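Enquirer: Pasting a structure here, questions to come.
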Amino acid sequence: MTSPVVPAARRPWTRARVGVAAAFVGGGLLLAGAVTGRADVAVLGAAPLVSAAWASARRPVGSVLVDAGETGPELPSGTLETSLMVDGPPGTVAALVSLRRRSREVGEVLVATPGGQRTLPLRVATVRTGPQEVATLDAQGLGGGLGSVSLPSEPRTREALVLPTARPLDELPLPPRLRGLTGSHDSRRPGEGGGLRDVHPFSPGDRLRRIDWRVTAKRAPDLHELYVRREQALAEAVVMLVVDSRDDVGPDPRTWRGSLQPRAQDPTSLDLARQAATSVAQAYLGLGDRVGLDDLGARRRPLTAGGGRRQLDRVRHALALTKPEGDPMARVRPPQLPSGALVLVFSTFLDDGAAQAAAQWRRAGHRVLAVDVLPTLRTRALDDRERLALRLIRLAREDRLAGLADVDVELVHWRDAPAVALAGLARRGRRRPGAAS
Amino acid sequence: MRRRLRGFVRRWLWAEPPDDVVVGVGRCVPGAVVHAAAGAAAAGLMATFALAVVGWPTGVAVAFVVGSFVVVAWWPGLVAMPVGLVGLGVLVDGVPPLGLLLALVLLVHLAVVAAVLAARLRFDTLVEWRVIGGLLRELAVVQVGAQVLAVGAAALAGAELRAGDGVRAAVLLAALVVLVVVLPRSERGEARRRD
């Protein structure tokens with residue numbers, strides 16, 4: 001006759017080995033005292049034996065579950081806050097919870113679980129944006145007197161989407177051609193709402209309220225002619241943000257192979273690209289311009305240019321979802337962009353793809369800004385061969401950037417005071433042709 | 001060669017700091033402290049045994065005490081060794097005085113409980129103080145009975161009663177009772193209180 005198989009979830013927890021060993025020693029002392037008639041020896045083993053027996057009698061039955069609470073989709077970059085929940089069967093006095101992030105052990109904590117359950121706040125500091133793992137948790141329950149242990153729980157992973165945040169920018173460059181009849185920039189065309197264009201004799205079609213009576217009184221006191229103030233029309237800029245999501249490299253070149261993960265506290269190139277694109281989008285949308293988004297690394301429909309607060313939300317969300325997907329895609333030609341748009345290309349320029357696209361857009365007549373989002377590199381831990389390889393990559397990259405400058409693509413390094421560089425480009429764009437530089 | 005060595009040292013000394021993941025637990029003790037406490041309990045047991053029961057020369061006693069500390073702090077599972085050794089010593093040496101027997105009973109149990117806890121922990125594990133408090137309370141509950149039993153056993157075995165032994169036993173029992181009352185209640189007690 002065979003004994004019925006009891007499922008693991010219904011079996012009492014396993015006795016802890018150290019507790020069992022202590023019980024054996026206690027039992028041995030008790031036995032030795034009894035055999036030799038020495039009550040003082042027997043009593044030495046009584047307490048460990050009683051403790052082990054008490055712990056064994058209180059062994060819980062069932063499995064331990066661990067989970068992290070929901071994190072809202074709208075999380076500010078920097079800190080992820082959630083909760084850690086441990087749920088064990090009655091009799092669970094403590095749980096040993098292990099935490100991992102990106103396959104790396106980040107901590108272990110032994111917490112009390114009164115009543116078998118416990119909910120604890122869990123805070124994860126991160127400088128990364130986009131979809132990411134909050135933590136992977138697993139737990140092992142401990143019974144009364146820590147004399148029994150459960151099977152480790154199933155690991156649970158909680159993920160969150162961290163939206164990029166913007167940094168303030170002051171002045172921004174504008175495209176050579178503005179569009180529309182609304183916005184906050186002065187157009188070259190006459191219209192309404194902009195700055196003073198000129199004072200002109202009244203002609204059919206001019207509105208009466210445009211008459212400048214002071215100028216008229218000065219120039220034609222007998223009112224043989226009326227003068228009107230003519231204003232410039234308002235217009236908006238169309239800005240296309242092009243993110244190169246094929247690369248996501250950290251500051252340590254040893255992680256570029258992919259076998260090592262960048263540190264959690266180091267923003268990668270894609271994090272910088274997301275932050276840069278969000279900052280630029282927020283600044284342009286705040287001026288009433290239209291902003292669109294395209295991705296050089298993915299074959300999907302671009303986010304068409306639009307304006308307003310909701311467009312900023314759309315851009316941020318699309319940027320947060322941008323990540324390297326599979327093998328880098330080879331493009332035959334760069335994506336088509338609205339005519340007259342200002343193009344900002346956010347890339348590390350570690351290969352020719354983004355540089356070629358930027359050069360082609362410039363040749364097509366767009367004003368193109370190349371935003372270099374390669375983080376400040378950390379070369380301290382590199383050996384000689386790695387230093388040599390990095391030097392070659394840097395040389396090729398510098399040649400690439402110099403080639404872009406030759407075809408009149410303007411360059412901004414996001415790691416060194418981008419607001420100052422963008423303000424400089426904005427002033428350069430306002431300069432009239434022929435003016436002294 | 002020097003460059004290669006320097007690169008190797010840099011690579012392996014370039015420790016990656018852990019992610020900043022914070023679990024909002026109460027007051028905590030690092031696992032290393034628990035390991036040290038387990039070692040200290042075993043060393044205390046061995047010191048009491050070596051000096052008071054056996055009367056070894058100081059050098060041998062120090063070697064055993066330090067050895068017990070290192071062994072139990074590093075491998076808590078080996079706590080059975082000093083406990084077994086102490087039991088053997090008491091068996092061979094004869095009935096110890098009452099005060100010493102009470103101390104040995106307490107230290108044996110304390111070393112075992114500390115080792116059971118330390119065996120589950122890495123040196124960098126954070127241990128919530130409530131867990132340690134709960135364990136100490138259980139230890140005190142068992143010790144109340146064990147100390148009463150030890151007094152009875154000493155009387156049965158004809159232990160030598162030194163001046164003040166009775167007071168020591170009374171103070172120890174009172175301290176254990178206070179521990180039971182003061183330390184956090186067990187899970188069952190909390191559940192009953194919530195009901």
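If you're wondering about the labels, chains in the structure tokens are A, B, ... by order shown, residues count from 1 in each chain, ligands from 1 in order shown.
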Please run DSSP on the backbone and report, as a PyMOL selection string, all residues within region 111-147 of chain B that come out as helix (DSSP H, G or I).
Expert: chain B and resi 111-118+129-147
Enquirer: For chain A, report every residue with an atom at most 7 Å from chain B (counting only C-alpha atoms), formatted as number ranges by chain.
Expert: A: 18-19, 21-22, 25, 29, 38-41, 43-44, 46-48, 51, 93-94, 106-112, 114-115, 120-125, 145-146, 264, 381-383
Enquirer: Export, as a JSON list (two decimals), in the first residue's frame, the selected residues with C-alpha atoms.
Expert:
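Here's the written file out14.json:
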[["chain", "number", "residue", "atom", "x", "y", "z"],
["A", 18, "VAL", "CA", 20.50, 24.35, 12.46],
["A", 19, "GLY", "CA", 17.42, 23.93, 14.64],
["A", 21, "ALA", "CA", 21.16, 20.01, 14.84],
["A", 22, "ALA", "CA", 20.57, 21.93, 18.07],
["A", 25, "VAL", "CA", 22.63, 18.06, 20.67],
["A", 29, "LEU", "CA", 22.72, 15.94, 26.49],
["A", 38, "ARG", "CA", 23.22, 13.56, 36.08],
["A", 39, "ALA", "CA", 20.27, 15.93, 36.16],
["A", 40, "ASP", "CA", 22.60, 18.94, 35.77],
["A", 41, "VAL", "CA", 23.81, 17.62, 32.38],
["A", 43, "VAL", "CA", 18.99, 20.23, 32.04],
["A", 44, "LEU", "CA", 21.59, 21.82, 29.72],
["A", 46, "ALA", "CA", 16.36, 20.83, 27.89],
["A", 47, "ALA", "CA", 15.96, 24.39, 26.60],
["A", 48, "PRO", "CA", 17.22, 23.79, 23.01],
["A", 51, "SER", "CA", 12.53, 25.24, 21.68],
["A", 93, "VAL", "CA", 6.54, 34.92, 11.90],
["A", 94, "ALA", "CA", 9.06, 36.35, 9.47],
["A", 106, "VAL", "CA", 20.35, 44.68, -4.46],
["A", 107, "GLY", "CA", 19.33, 43.65, -0.98],
["A", 108, "GLU", "CA", 17.90, 41.13, 1.40],
["A", 109, "VAL", "CA", 15.79, 41.94, 4.39],
["A", 110, "LEU", "CA", 14.31, 39.77, 7.14],
["A", 111, "VAL", "CA", 10.99, 41.29, 8.14],
["A", 112, "ALA", "CA", 8.47, 40.31, 10.77],
["A", 114, "PRO", "CA", 2.58, 39.41, 12.25],
["A", 115, "GLY", "CA", -0.43, 37.33, 11.26],
["A", 120, "LEU", "CA", 5.95, 47.68, 3.44],
["A", 121, "PRO", "CA", 6.75, 50.77, 1.40],
["A", 122, "LEU", "CA", 9.34, 50.19, -1.31],
["A", 123, "ARG", "CA", 11.24, 53.09, -2.80],
["A", 124, "VAL", "CA", 13.55, 52.75, -5.77],
["A", 125, "ALA", "CA", 15.75, 55.63, -6.85],
["A", 145, "GLY", "CA", 11.25, 30.21, 16.50],
["A", 146, "LEU", "CA", 12.69, 30.31, 12.95],
["A", 264, "ALA", "CA", 21.45, 51.98, -12.32],
["A", 381, "ALA", "CA", 38.51, 50.99, -15.44],
["A", 382, "LEU", "CA", 39.51, 50.30, -19.05],
["A", 383, "ASP", "CA", 42.54, 48.23, -19.89]]
Enquirer: For region 301-318 of chain A, work out the shell of residues within 8 Å, counting only C-alpha atoms and skipping chain neighbours fewer than 3 positions away, then give it as a JSON list (two decimals) with N, CA, C and O atoms, in the first residue's frame.
Expert:
[["chain", "number", "residue", "atom", "x", "y", "z"],
["A", 163, "LEU", "N", 8.27, 58.37, -17.23],
["A", 163, "LEU", "CA", 8.26, 59.39, -18.28],
["A", 163, "LEU", "C", 9.45, 60.34, -18.09],
["A", 163, "LEU", "O", 9.83, 60.64, -16.96],
["A", 164, "PRO", "N", 10.03, 60.78, -19.20],
["A", 164, "PRO", "CA", 11.16, 61.72, -19.06],
["A", 164, "PRO", "C", 10.69, 63.08, -18.58],
["A", 164, "PRO", "O", 9.56, 63.48, -18.86],
["A", 238, "VAL", "N", 7.57, 74.82, -37.11],
["A", 238, "VAL", "CA", 7.35, 73.37, -37.08],
["A", 238, "VAL", "C", 8.68, 72.72, -36.75],
["A", 238, "VAL", "O", 9.68, 72.98, -37.43],
["A", 239, "VAL", "N", 8.67, 71.97, -35.67],
["A", 239, "VAL", "CA", 9.91, 71.36, -35.19],
["A", 239, "VAL", "C", 9.73, 69.85, -35.20],
["A", 239, "VAL", "O", 8.74, 69.34, -34.68],
["A", 240, "MET", "N", 10.65, 69.16, -35.82],
["A", 240, "MET", "CA", 10.60, 67.69, -35.81],
["A", 240, "MET", "C", 11.76, 67.16, -34.96],
["A", 240, "MET", "O", 12.92, 67.48, -35.19],
["A", 274, "ARG", "N", 15.95, 61.12, -24.37],
["A", 274, "ARG", "CA", 14.56, 61.34, -23.95],
["A", 274, "ARG", "C", 14.43, 62.67, -23.21],
["A", 274, "ARG", "O", 13.51, 63.45, -23.44],
["A", 278, "THR", "N", 12.37, 65.87, -24.61],
["A", 278, "THR", "CA", 11.26, 66.38, -23.81],
["A", 278, "THR", "C", 11.48, 67.86, -23.49],
["A", 278, "THR", "O", 10.54, 68.66, -23.55],
["A", 281, "ALA", "N", 10.84, 69.82, -26.63],
["A", 281, "ALA", "CA", 9.41, 69.81, -26.97],
["A", 281, "ALA", "C", 8.64, 70.74, -26.04],
["A", 281, "ALA", "O", 7.78, 71.52, -26.49],
["A", 282, "GLN", "N", 8.94, 70.68, -24.77],
["A", 282, "GLN", "CA", 8.22, 71.53, -23.81],
["A", 282, "GLN", "C", 8.47, 73.01, -24.11],
["A", 282, "GLN", "O", 7.54, 73.83, -24.07],
["A", 285, "LEU", "N", 6.66, 73.93, -27.50],
["A", 285, "LEU", "CA", 5.21, 73.93, -27.33],
["A", 285, "LEU", "C", 4.76, 75.08, -26.45],
["A", 285, "LEU", "O", 3.69, 75.64, -26.63],
["A", 286, "GLY", "N", 5.61, 75.44, -25.49],
["A", 286, "GLY", "CA", 5.30, 76.59, -24.64],
["A", 286, "GLY", "C", 5.27, 77.89, -25.43],
["A", 286, "GLY", "O", 4.59, 78.84, -25.05],
["A", 288, "GLY", "N", 4.09, 78.03, -28.41],
["A", 288, "GLY", "CA", 2.98, 77.92, -29.35],
["A", 288, "GLY", "C", 3.36, 77.28, -30.66],
["A", 288, "GLY", "O", 2.61, 77.37, -31.64],
["A", 289, "ASP", "N", 4.51, 76.65, -30.72],
["A", 289, "ASP", "CA", 4.94, 76.02, -31.97],
["A", 289, "ASP", "C", 4.40, 74.60, -32.06],
["A", 289, "ASP", "O", 3.82, 74.07, -31.12],
["A", 290, "ARG", "N", 4.62, 73.99, -33.22],
["A", 290, "ARG", "CA", 4.15, 72.62, -33.45],
["A", 290, "ARG", "C", 5.35, 71.69, -33.41],
["A", 290, "ARG", "O", 6.39, 71.98, -34.01],
["A", 291, "VAL", "N", 5.20, 70.61, -32.69],
["A", 291, "VAL", "CA", 6.31, 69.68, -32.49],
["A", 291, "VAL", "C", 5.86, 68.27, -32.88],
["A", 291, "VAL", "O", 4.78, 67.83, -32.49],
["A", 292, "GLY", "N", 6.69, 67.59, -33.64],
["A", 292, "GLY", "CA", 6.44, 66.19, -33.99],
["A", 292, "GLY", "C", 7.62, 65.33, -33.58],
["A", 292, "GLY", "O", 8.65, 65.84, -33.14],
["A", 293, "LEU", "N", 7.44, 64.03, -33.70],
["A", 293, "LEU", "CA", 8.49, 63.12, -33.24],
["A", 293, "LEU", "C", 8.62, 61.95, -34.21],
["A", 293, "LEU", "O", 7.62, 61.40, -34.66],
["A", 294, "ASP", "N", 9.84, 61.61, -34.51],
["A", 294, "ASP", "CA", 10.10, 60.41, -35.32],
["A", 294, "ASP", "C", 11.26, 59.66, -34.70],
["A", 294, "ASP", "O", 12.03, 60.21, -33.92],
["A", 295, "ASP", "N", 11.34, 58.38, -35.06],
["A", 295, "ASP", "CA", 12.37, 57.52, -34.48],
["A", 295, "ASP", "C", 13.17, 56.90, -35.62],
["A", 295, "ASP", "O", 12.59, 56.24, -36.49],
["A", 321, "LEU", "N", 8.42, 55.25, -24.50],
["A", 321, "LEU", "CA", 8.30, 53.92, -25.09],
["A", 321, "LEU", "C", 9.41, 53.62, -26.10],
["A", 321, "LEU", "O", 9.52, 52.50, -26.58],
["A", 322, "THR", "N", 10.19, 54.63, -26.41],
["A", 322, "THR", "CA", 11.27, 54.44, -27.39],
["A", 322, "THR", "C", 12.39, 53.62, -26.76],
["A", 322, "THR", "O", 12.87, 53.93, -25.69]]
Enquirer: So that I can see what lies close to Phe64 (chain B), please list as a list in words the residues with an atom at most 10 Å from it, counting only C-alpha atoms and leaving out residues fewer than 4 positions away in the same chain.
Expert: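 Everything that qualifies: Ala43, Met46, Ala47, Ala50, Thr58, Gly59, Val60, Ser68, Phe69, Val70 and Pro82 of chain B.
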Enquirer: Any chance you could export the current selection's N, CA and C atoms as a PDB file, in the first residue's frame?
Expert:
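Okay, part.pdb is ready:
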ATOM      1  N   ALA B  43      31.145  32.096  22.239  1.00  0.00           N
ATOM      2  CA  ALA B  43      32.405  32.385  22.924  1.00  0.00           C
ATOM      3  C   ALA B  43      32.178  32.570  24.424  1.00  0.00           C
ATOM      4  N   MET B  46      31.741  29.245  25.951  1.00  0.00           N
ATOM      5  CA  MET B  46      33.022  28.547  26.055  1.00  0.00           C
ATOM      6  C   MET B  46      33.892  29.158  27.153  1.00  0.00           C
ATOM      7  N   ALA B  47      33.835  30.493  27.292  1.00  0.00           N
ATOM      8  CA  ALA B  47      34.632  31.157  28.326  1.00  0.00           C
ATOM      9  C   ALA B  47      34.168  30.736  29.722  1.00  0.00           C
ATOM     10  N   ALA B  50      35.262  27.152  30.183  1.00  0.00           N
ATOM     11  CA  ALA B  50      36.712  26.951  30.272  1.00  0.00           C
ATOM     12  C   ALA B  50      37.271  27.484  31.586  1.00  0.00           C
ATOM     13  N   THR B  58      45.140  29.958  30.863  1.00  0.00           N
ATOM     14  CA  THR B  58      44.563  31.108  30.143  1.00  0.00           C
ATOM     15  C   THR B  58      44.747  30.988  28.628  1.00  0.00           C
ATOM     16  N   GLY B  59      45.916  30.563  28.188  1.00  0.00           N
ATOM     17  CA  GLY B  59      46.181  30.477  26.744  1.00  0.00           C
ATOM     18  C   GLY B  59      45.228  29.536  26.048  1.00  0.00           C
ATOM     19  N   VAL B  60      45.021  28.366  26.639  1.00  0.00           N
ATOM     20  CA  VAL B  60      44.111  27.381  26.041  1.00  0.00           C
ATOM     21  C   VAL B  60      42.681  27.924  26.036  1.00  0.00           C
ATOM     22  N   SER B  68      35.764  29.463  19.138  1.00  0.00           N
ATOM     23  CA  SER B  68      34.295  29.341  19.131  1.00  0.00           C
ATOM     24  C   SER B  68      33.663  30.546  18.460  1.00  0.00           C
ATOM     25  N   PHE B  69      34.212  31.739  18.769  1.00  0.00           N
ATOM     26  CA  PHE B  69      33.639  32.961  18.176  1.00  0.00           C
ATOM     27  C   PHE B  69      33.740  32.902  16.652  1.00  0.00           C
ATOM     28  N   VAL B  70      34.943  32.589  16.183  1.00  0.00           N
ATOM     29  CA  VAL B  70      35.171  32.603  14.725  1.00  0.00           C
ATOM     30  C   VAL B  70      34.327  31.539  14.037  1.00  0.00           C
ATOM     31  N   PRO B  82      30.447  23.765  20.235  1.00  0.00           N
ATOM     32  CA  PRO B  82      30.694  24.275  21.593  1.00  0.00           C
ATOM     33  C   PRO B  82      29.674  23.795  22.604  1.00  0.00           C
TER      34      PRO B  82
END
Enquirer: Name the residues in contact with Asp170 (chain A) at a cut-off of 8 Å, using only C-alpha atoms, excluding same-chain residues fewer than 5 positions from it; report them as number ranges by chain.
Expert: A: 283, 419, 423
Enquirer: Now that the selection is made, can you save its residues with C-alpha atoms as a CSV table (one decimal), in the first residue's frame?
Expert:
chain,number,residue,atom,x,y,z
A,283,ALA,CA,10.1,74.7,-24.7
A,419,ALA,CA,20.7,75.8,-22.8
A,423,ALA,CA,20.6,80.2,-27.0
Enquirer: Could you pull the residues within 12 Å of Gly365 (chain A), counting only C-alpha atoms, minus those fewer than 4 positions along the same chain, as a ChimeraX atom specification?
Expert: /A:175-177,337-343,358-361,407-409
Enquirer: Please, what distance in Å, to one decimal, runs between CA of Ala174 (chain B) and CA of Gly147 (chain A)?
Expert: 26.8 Å
Enquirer: State, in Å with one decimal place, the distance from CA of Leu142 (chain A) to CA of Ala57 (chain A).
Expert: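 Atom-to-atom, CA of Leu142 (chain A) and CA of Ala57 (chain A) are spaced 13.5 Å apart.
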Enquirer: Counting only C-alpha atoms, which of A:Arg214, A:Arg363, A:Arg394, A:Arg387 gets nearest to Asp406 (chain A)?
Expert: A:Arg363
